[in-house]
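Okay, structure first, notes after.
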Amino acid sequence: MRIRFLGTGTSHGVPVLGCSCPVCSSTDPRDTRYRSSALVTGDGGERILLDAGPEFRLQALAAHLDALDALLVTHAHADHVHGIDDVRPLTRGRPLPVYASGLDASELRHRFSYVFSAGQAGGGKPRLELLDLDGPDGTGSAPRQVSVGSLVVRPVPLSHGGRRVLGYRLDGLAYATDCSSVPDSSKAMLRGLDLLVLGALRLRPHPTHLSVDEALALALELRPARLLLTHICHDLSHERLQSYCDDAGLPFPAGPAYDGLELEV
Ligand SMILES: [Zn+2]
Ligand SMILES: [Zn+2]
Ligand SMILES: [Zn+2]
């Protein structure tokens, strides 16, 4: 399985519009961060998109993406789903399965109502099959696992401030952006990982996101073989965040991901 980071920035992206801070003005390409998203390619060639943010089209062009087999939605905040219309050419002539929690499925149905209602036919809207991972009882604590080709996808409930969102585990990889805490029942699903991808906004605390220290402490508890951070704001350059992680002396490699980073898991 391979993961490619399509975007590693927080909701504003980096550079932030109108900002001339050192990170927003940086010439290091790793300091340009599109909104957070990733592409996982299974050993059977399955292409699974994790979130479709506002830059999805540009991210797909950069990744030479020509088809998709599934979209996993972590939650329906704008920075994670507002590129969903652009999956249109990538659905291989059939509806694209879109997996989301009950709450997020209903928000998507409302926000993108033209997709799920009659009209605007003839290729003018994406063909999506919206699948509620919580099933009929809404926001139960144990959403069901699904398969995409040979890959088993296990949703992992997380807390994003007061909101329940989903991370996803695919074999030895887990992707958990936008969270401020992880329930114990979910921690059990995040052990024994080859790669943990964790959101870490900045050094200062935030009510709905893990700070870098909180993310590193959580990783220390979960003990993945490798940690990569995502959903990073303009407070931190790639270089500074990498040195901060190095100085933490963790017993596994840890550091920020960056847009375009691709690795085998
Ligand atoms: Zn976000
Ligand atoms: Zn800035
Ligand atoms: Zn969010």
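Residue numbers start at 1 in each chain; chains themselves are named A, B, ... in the order of the structure tokens; ligands are numbered from 1 in the order shown.
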
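The contact shell of ligand 3, defined as all polymer residues within 7 Å when only C-alpha atoms and all ligand atoms are used, comprises His75, His77, His160 and Asp178 of chain A.
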
- [ ] Please identify which residues in segment 50-132 of chain A DSSP calls alpha helix (DSSP H) from the backbone, and express them as a PyMOL selection string.
- [x] chain A and resi 56-62+78-81+102-111+113-116

Can you pull out the residues contacting Leu227 of chain A? Cut-off 9 Å, using only C-alpha atoms, and skip same-chain residues under 4 positions away; I want them as a compact mmCIF listing (two decimals) with N, CA and C atoms, in the first residue's frame.
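That gives us selection13.txt:
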```txt
# COMPACT_ATOMS: atom_id res chain seq x y z
N ASP A 194 2.09 0.66 11.39
CA ASP A 194 3.34 0.96 10.69
C ASP A 194 3.49 2.47 10.51
N LEU A 195 2.36 3.13 10.26
CA LEU A 195 2.38 4.58 10.08
C LEU A 195 1.12 5.20 10.69
N LEU A 196 1.33 6.15 11.58
CA LEU A 196 0.22 6.94 12.13
C LEU A 196 0.33 8.34 11.56
N VAL A 197 -0.75 8.79 10.92
CA VAL A 197 -0.84 10.17 10.44
C VAL A 197 -1.78 10.90 11.37
N LEU A 198 -1.28 11.96 11.99
CA LEU A 198 -2.04 12.63 13.04
C LEU A 198 -2.06 14.13 12.76
N LEU A 216 2.31 14.48 19.90
CA LEU A 216 3.49 13.65 20.19
C LEU A 216 3.23 12.77 21.42
N ALA A 219 1.03 9.93 20.33
CA ALA A 219 1.80 8.95 19.56
C ALA A 219 2.69 8.11 20.46
N ARG A 223 2.54 4.24 20.12
CA ARG A 223 3.76 3.56 19.64
C ARG A 223 3.69 3.05 18.20
N PHE A 252 10.59 6.49 17.88
CA PHE A 252 10.27 6.13 16.49
C PHE A 252 10.43 7.40 15.65
N PRO A 253 10.65 7.27 14.34
CA PRO A 253 10.79 8.47 13.51
C PRO A 253 9.50 9.27 13.50
N ALA A 254 9.62 10.59 13.61
CA ALA A 254 8.44 11.46 13.65
C ALA A 254 8.78 12.78 12.97
N GLY A 255 7.80 13.37 12.31
CA GLY A 255 8.02 14.67 11.68
C GLY A 255 6.80 15.07 10.89
N PRO A 256 6.84 16.27 10.31
CA PRO A 256 5.71 16.71 9.51
C PRO A 256 5.70 16.03 8.15
```

- [ ] Using only C-alpha atoms and all ligand atoms, find each protein or nucleic acid residue lying at most 12 Å from ligand 2; present the set as a VMD selection string.
- [x] chain A and resid 9 to 10 12 to 26 31 to 33 232 to 237

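All residues of protein, DNA or RNA that reach within 8 Å of segment 89-100 of chain A, judged by only C-alpha atoms and not counting those fewer than 4 positions away in the chain, are A:Asp66, A:Ala67, A:Leu68, A:Asp69, A:Ala70, A:Leu71, A:Leu72, A:Val73, A:Thr74, A:His75, A:Asp104, A:Ala105, A:Arg127, A:Leu128, A:Glu129, A:Leu130, A:Leu131, A:Asp132, A:Leu133, A:Leu166.
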
Writer output for current selection, C-alpha atoms, as a CSV table (one decimal), in the first residue's frame:
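selection21.csv, written as the output of this step:
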```csv
chain,number,residue,atom,x,y,z
A,66,ASP,CA,-7.0,9.3,-13.4
A,67,ALA,CA,-9.5,7.2,-11.4
A,68,LEU,CA,-10.9,6.7,-7.9
A,69,ASP,CA,-12.5,3.7,-6.2
A,70,ALA,CA,-13.7,5.2,-3.0
A,71,LEU,CA,-13.8,8.5,-1.0
A,72,LEU,CA,-13.5,8.3,2.8
A,73,VAL,CA,-14.8,11.5,4.5
A,74,THR,CA,-13.4,12.3,7.9
A,75,HIS,CA,-16.0,15.0,8.5
A,104,ASP,CA,-21.6,13.9,8.0
A,105,ALA,CA,-23.6,11.9,5.4
A,127,ARG,CA,-22.1,10.4,-9.4
A,128,LEU,CA,-21.8,9.6,-5.7
A,129,GLU,CA,-23.1,6.8,-3.7
A,130,LEU,CA,-23.3,8.1,-0.2
A,131,LEU,CA,-22.9,5.4,2.4
A,132,ASP,CA,-23.5,5.9,6.1
A,133,LEU,CA,-21.0,4.1,8.2
A,166,LEU,CA,-13.8,9.7,11.9
```

- [ ] Could you tell me which of A:Cys179, A:Leu173, A:Leu222, A:Leu6 comes closest to Arg191 of chain A if we count only C-alpha atoms?
- [x]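 Nearest candidate to Arg191 of chain A out of A:Cys179, A:Leu173, A:Leu222, A:Leu6: A:Leu222.
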
Open item on the list: Quick check, in Å to one decimal: how far apart do atom CA of Ala60 of chain A and atom CA of Arg226 of chain A lie?
Closed with: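 Between atom CA of Ala60 of chain A and atom CA of Arg226 of chain A the gap is 25.6 Å.
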
So which residues are near ligand 1, meaning at most 8 Å away with only C-alpha atoms and all ligand atoms counted, given back as a short mmCIF file (atom, residue, chain, number, x, y, z; two decimals) with N, CA and C atoms, in the first residue's frame?
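The result, stored in result38.cif:
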```cif
data_model
loop_
_atom_site.label_atom_id
_atom_site.label_comp_id
_atom_site.auth_asym_id
_atom_site.auth_seq_id
_atom_site.Cartn_x
_atom_site.Cartn_y
_atom_site.Cartn_z
N THR A 10 -3.81 23.35 7.36
CA THR A 10 -5.05 23.55 8.10
C THR A 10 -6.10 24.21 7.20
N SER A 11 -7.23 24.59 7.80
CA SER A 11 -8.38 25.02 6.99
C SER A 11 -8.10 26.24 6.11
N ARG A 35 -5.12 22.22 1.56
CA ARG A 35 -5.95 21.69 2.62
C ARG A 35 -5.75 20.16 2.71
N SER A 36 -5.87 19.62 3.93
CA SER A 36 -5.45 18.25 4.21
C SER A 36 -6.26 17.19 3.46
N HIS A 77 -16.53 19.35 7.41
CA HIS A 77 -16.06 20.74 7.43
C HIS A 77 -15.58 21.10 6.02
N ALA A 78 -15.72 22.40 5.70
CA ALA A 78 -15.46 22.88 4.33
C ALA A 78 -14.09 22.46 3.81
N ASP A 79 -13.08 22.53 4.67
CA ASP A 79 -11.71 22.25 4.19
C ASP A 79 -11.51 20.76 3.85
N HIS A 80 -12.50 19.93 4.14
CA HIS A 80 -12.36 18.49 3.86
C HIS A 80 -13.28 17.97 2.77
N THR A 177 -6.85 13.04 11.09
CA THR A 177 -6.67 14.49 11.08
C THR A 177 -7.74 15.09 11.98
N ASP A 178 -7.76 16.38 12.18
CA ASP A 178 -8.83 17.08 12.90
C ASP A 178 -9.34 16.33 14.13
N HIS A 231 -2.26 18.70 8.72
CA HIS A 231 -3.20 19.77 9.15
C HIS A 231 -2.45 20.82 9.95
#
```

Members of segment 29-153 of chain A assigned strand (DSSP E) by DSSP, as a PDB file with N, CA and C atoms, in the first residue's frame:
```pdb
ATOM      1  N   SER A  37      -5.528  16.292   2.839  1.00  0.00           N
ATOM      2  CA  SER A  37      -6.117  15.189   2.086  1.00  0.00           C
ATOM      3  C   SER A  37      -4.997  14.205   1.770  1.00  0.00           C
ATOM      4  N   ALA A  38      -5.381  12.959   1.530  1.00  0.00           N
ATOM      5  CA  ALA A  38      -4.371  11.964   1.162  1.00  0.00           C
ATOM      6  C   ALA A  38      -4.983  10.947   0.218  1.00  0.00           C
ATOM      7  N   LEU A  39      -4.117  10.316  -0.539  1.00  0.00           N
ATOM      8  CA  LEU A  39      -4.530   9.270  -1.469  1.00  0.00           C
ATOM      9  C   LEU A  39      -3.818   7.983  -1.084  1.00  0.00           C
ATOM     10  N   VAL A  40      -4.601   6.921  -0.892  1.00  0.00           N
ATOM     11  CA  VAL A  40      -4.011   5.622  -0.579  1.00  0.00           C
ATOM     12  C   VAL A  40      -4.216   4.706  -1.775  1.00  0.00           C
ATOM     13  N   THR A  41      -3.151   4.056  -2.189  1.00  0.00           N
ATOM     14  CA  THR A  41      -3.255   3.096  -3.290  1.00  0.00           C
ATOM     15  C   THR A  41      -2.942   1.717  -2.748  1.00  0.00           C
ATOM     16  N   ARG A  47      -7.709   2.824  -5.497  1.00  0.00           N
ATOM     17  CA  ARG A  47      -7.338   4.200  -5.174  1.00  0.00           C
ATOM     18  C   ARG A  47      -8.401   4.827  -4.265  1.00  0.00           C
ATOM     19  N   ILE A  48      -7.991   5.102  -3.045  1.00  0.00           N
ATOM     20  CA  ILE A  48      -8.908   5.590  -2.016  1.00  0.00           C
ATOM     21  C   ILE A  48      -8.500   7.002  -1.621  1.00  0.00           C
ATOM     22  N   LEU A  49      -9.441   7.910  -1.785  1.00  0.00           N
ATOM     23  CA  LEU A  49      -9.193   9.305  -1.434  1.00  0.00           C
ATOM     24  C   LEU A  49      -9.684   9.571  -0.016  1.00  0.00           C
ATOM     25  N   LEU A  50      -8.826  10.172   0.792  1.00  0.00           N
ATOM     26  CA  LEU A  50      -9.216  10.576   2.144  1.00  0.00           C
ATOM     27  C   LEU A  50      -9.490  12.072   2.111  1.00  0.00           C
ATOM     28  N   ALA A  70     -12.941   4.901  -4.172  1.00  0.00           N
ATOM     29  CA  ALA A  70     -13.744   5.239  -2.995  1.00  0.00           C
ATOM     30  C   ALA A  70     -13.255   6.561  -2.424  1.00  0.00           C
ATOM     31  N   LEU A  71     -14.165   7.250  -1.758  1.00  0.00           N
ATOM     32  CA  LEU A  71     -13.826   8.464  -1.003  1.00  0.00           C
ATOM     33  C   LEU A  71     -14.218   8.233   0.451  1.00  0.00           C
ATOM     34  N   LEU A  72     -13.262   8.413   1.350  1.00  0.00           N
ATOM     35  CA  LEU A  72     -13.540   8.321   2.787  1.00  0.00           C
ATOM     36  C   LEU A  72     -13.565   9.739   3.343  1.00  0.00           C
ATOM     37  N   LEU A  96     -19.400   6.753  -7.421  1.00  0.00           N
ATOM     38  CA  LEU A  96     -18.259   6.595  -6.519  1.00  0.00           C
ATOM     39  C   LEU A  96     -18.774   6.370  -5.097  1.00  0.00           C
ATOM     40  N   PRO A  97     -18.375   5.262  -4.443  1.00  0.00           N
ATOM     41  CA  PRO A  97     -18.783   5.080  -3.040  1.00  0.00           C
ATOM     42  C   PRO A  97     -18.124   6.151  -2.157  1.00  0.00           C
ATOM     43  N   VAL A  98     -18.944   6.870  -1.409  1.00  0.00           N
ATOM     44  CA  VAL A  98     -18.467   7.903  -0.487  1.00  0.00           C
ATOM     45  C   VAL A  98     -18.880   7.487   0.913  1.00  0.00           C
ATOM     46  N   TYR A  99     -17.917   7.194   1.757  1.00  0.00           N
ATOM     47  CA  TYR A  99     -18.209   6.716   3.109  1.00  0.00           C
ATOM     48  C   TYR A  99     -18.070   7.866   4.104  1.00  0.00           C
ATOM     49  N   ALA A 100     -19.050   7.969   4.994  1.00  0.00           N
ATOM     50  CA  ALA A 100     -19.034   9.040   5.997  1.00  0.00           C
ATOM     51  C   ALA A 100     -19.863   8.604   7.198  1.00  0.00           C
ATOM     52  N   LEU A 128     -22.274  10.069  -7.037  1.00  0.00           N
ATOM     53  CA  LEU A 128     -21.801   9.640  -5.725  1.00  0.00           C
ATOM     54  C   LEU A 128     -22.804   8.693  -5.099  1.00  0.00           C
ATOM     55  N   GLU A 129     -22.281   7.639  -4.495  1.00  0.00           N
ATOM     56  CA  GLU A 129     -23.135   6.756  -3.697  1.00  0.00           C
ATOM     57  C   GLU A 129     -22.754   6.985  -2.234  1.00  0.00           C
ATOM     58  N   LEU A 130     -23.586   7.758  -1.547  1.00  0.00           N
ATOM     59  CA  LEU A 130     -23.258   8.146  -0.177  1.00  0.00           C
ATOM     60  C   LEU A 130     -23.628   7.028   0.787  1.00  0.00           C
ATOM     61  N   LEU A 131     -22.650   6.527   1.529  1.00  0.00           N
ATOM     62  CA  LEU A 131     -22.861   5.362   2.396  1.00  0.00           C
ATOM     63  C   LEU A 131     -22.583   5.746   3.843  1.00  0.00           C
ATOM     64  N   ASP A 132     -23.590   5.565   4.663  1.00  0.00           N
ATOM     65  CA  ASP A 132     -23.534   5.944   6.072  1.00  0.00           C
ATOM     66  C   ASP A 132     -22.873   4.817   6.874  1.00  0.00           C
ATOM     67  N   VAL A 146     -15.668  -1.503   6.254  1.00  0.00           N
ATOM     68  CA  VAL A 146     -16.049  -1.806   4.876  1.00  0.00           C
ATOM     69  C   VAL A 146     -14.806  -2.256   4.115  1.00  0.00           C
ATOM     70  N   SER A 147     -15.031  -2.830   2.938  1.00  0.00           N
ATOM     71  CA  SER A 147     -13.906  -3.241   2.099  1.00  0.00           C
ATOM     72  C   SER A 147     -13.919  -2.439   0.806  1.00  0.00           C
ATOM     73  N   VAL A 148     -12.739  -2.045   0.374  1.00  0.00           N
ATOM     74  CA  VAL A 148     -12.578  -1.435  -0.944  1.00  0.00           C
ATOM     75  C   VAL A 148     -11.545  -2.295  -1.658  1.00  0.00           C
ATOM     76  N   LEU A 151      -8.681  -3.995   0.303  1.00  0.00           N
ATOM     77  CA  LEU A 151      -8.368  -3.232   1.519  1.00  0.00           C
ATOM     78  C   LEU A 151      -9.551  -3.165   2.474  1.00  0.00           C
ATOM     79  N   VAL A 152      -9.294  -3.512   3.729  1.00  0.00           N
ATOM     80  CA  VAL A 152     -10.323  -3.378   4.754  1.00  0.00           C
ATOM     81  C   VAL A 152     -10.156  -1.993   5.395  1.00  0.00           C
ATOM     82  N   VAL A 153     -11.248  -1.258   5.458  1.00  0.00           N
ATOM     83  CA  VAL A 153     -11.244   0.100   5.994  1.00  0.00           C
ATOM     84  C   VAL A 153     -11.990   0.095   7.314  1.00  0.00           C
TER      85      VAL A 153
END
```

- [ ] Quote the spacing between atom CA of Thr27 of chain A and atom CA of Ser211 of chain A in Å to one decimal place.
- [x] 24.8 Å

Open item on the list: When you count only C-alpha atoms, which of these residues is closest to Pro251 of chain A: A:Pro224, A:Gly83, A:Gly162, A:Gly102?
Closed with: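 When distances to Pro251 of chain A are compared using only C-alpha atoms, the smallest one comes from A:Pro224.
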
- [ ] Go through A:His206, A:His110, A:Arg144, A:Arg30 one by one, measure the shortest atom-to-atom distance of each to Arg240 of chain A using only C-alpha atoms, and give the residue with the smallest value.
- [x] A:Arg30

TODO: Find the residues around His82 of chain A up to 7 Å (only C-alpha atoms counted), leave out those fewer than 6 positions away in its own chain, and share them as a PyMOL selection string.
DONE: chain A and resi 52-54

Could you please take those selected residues and save N, CA and C atoms as a compact mmCIF listing (two decimals), in the first residue's frame?
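Result went into again.txt, see below:
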```txt
# COMPACT_ATOMS: atom_id res chain seq x y z
N ALA A 52 -11.88 15.36 0.29
CA ALA A 52 -11.79 16.07 -0.99
C ALA A 52 -11.97 17.56 -0.71
N GLY A 53 -10.88 18.20 -0.35
CA GLY A 53 -10.92 19.61 0.04
C GLY A 53 -10.96 20.54 -1.17
N PRO A 54 -10.93 21.86 -0.89
CA PRO A 54 -11.10 22.85 -1.96
C PRO A 54 -10.05 22.77 -3.08
```

Open item on the list: Just want the 9 Å neighbourhood of Ser186 of chain A, counted on only C-alpha atoms, with same-chain residues fewer than 5 positions away dropped. Output as JSON, numbers by chain.
Closed with: {"A": [156, 157, 158]}

Task: Using only C-alpha atoms: which of A:Ile3, A:Leu210, A:Val115, A:Ala225 has the shortest distance to Val265 of chain A - done: A:Ile3

- [ ] Might you pull out every residue within 6 Å of Gly161 of chain A, with only C-alpha atoms counted and same-chain residues fewer than 6 positions away left off, and present them as a PyMOL selection string?
- [x] chain A and resi 180+207-208

TODO: Using only C-alpha atoms, pick whichever of A:Gly124, A:Gly172, A:Gly42, A:Pro183 has the shortest atom-to-atom distance to Ala142 of chain A.
DONE: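 Going through A:Gly124, A:Gly172, A:Gly42, A:Pro183 one by one, the smallest distance to Ala142 of chain A is for A:Pro183.
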
Task: Nearest to Gly135 of chain A, chosen from A:Ala76, A:Tyr168, A:Gly192, A:Leu103, with only C-alpha atoms counted in the distances - done: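 So, comparing all the options, the nearest one is A:Leu103.
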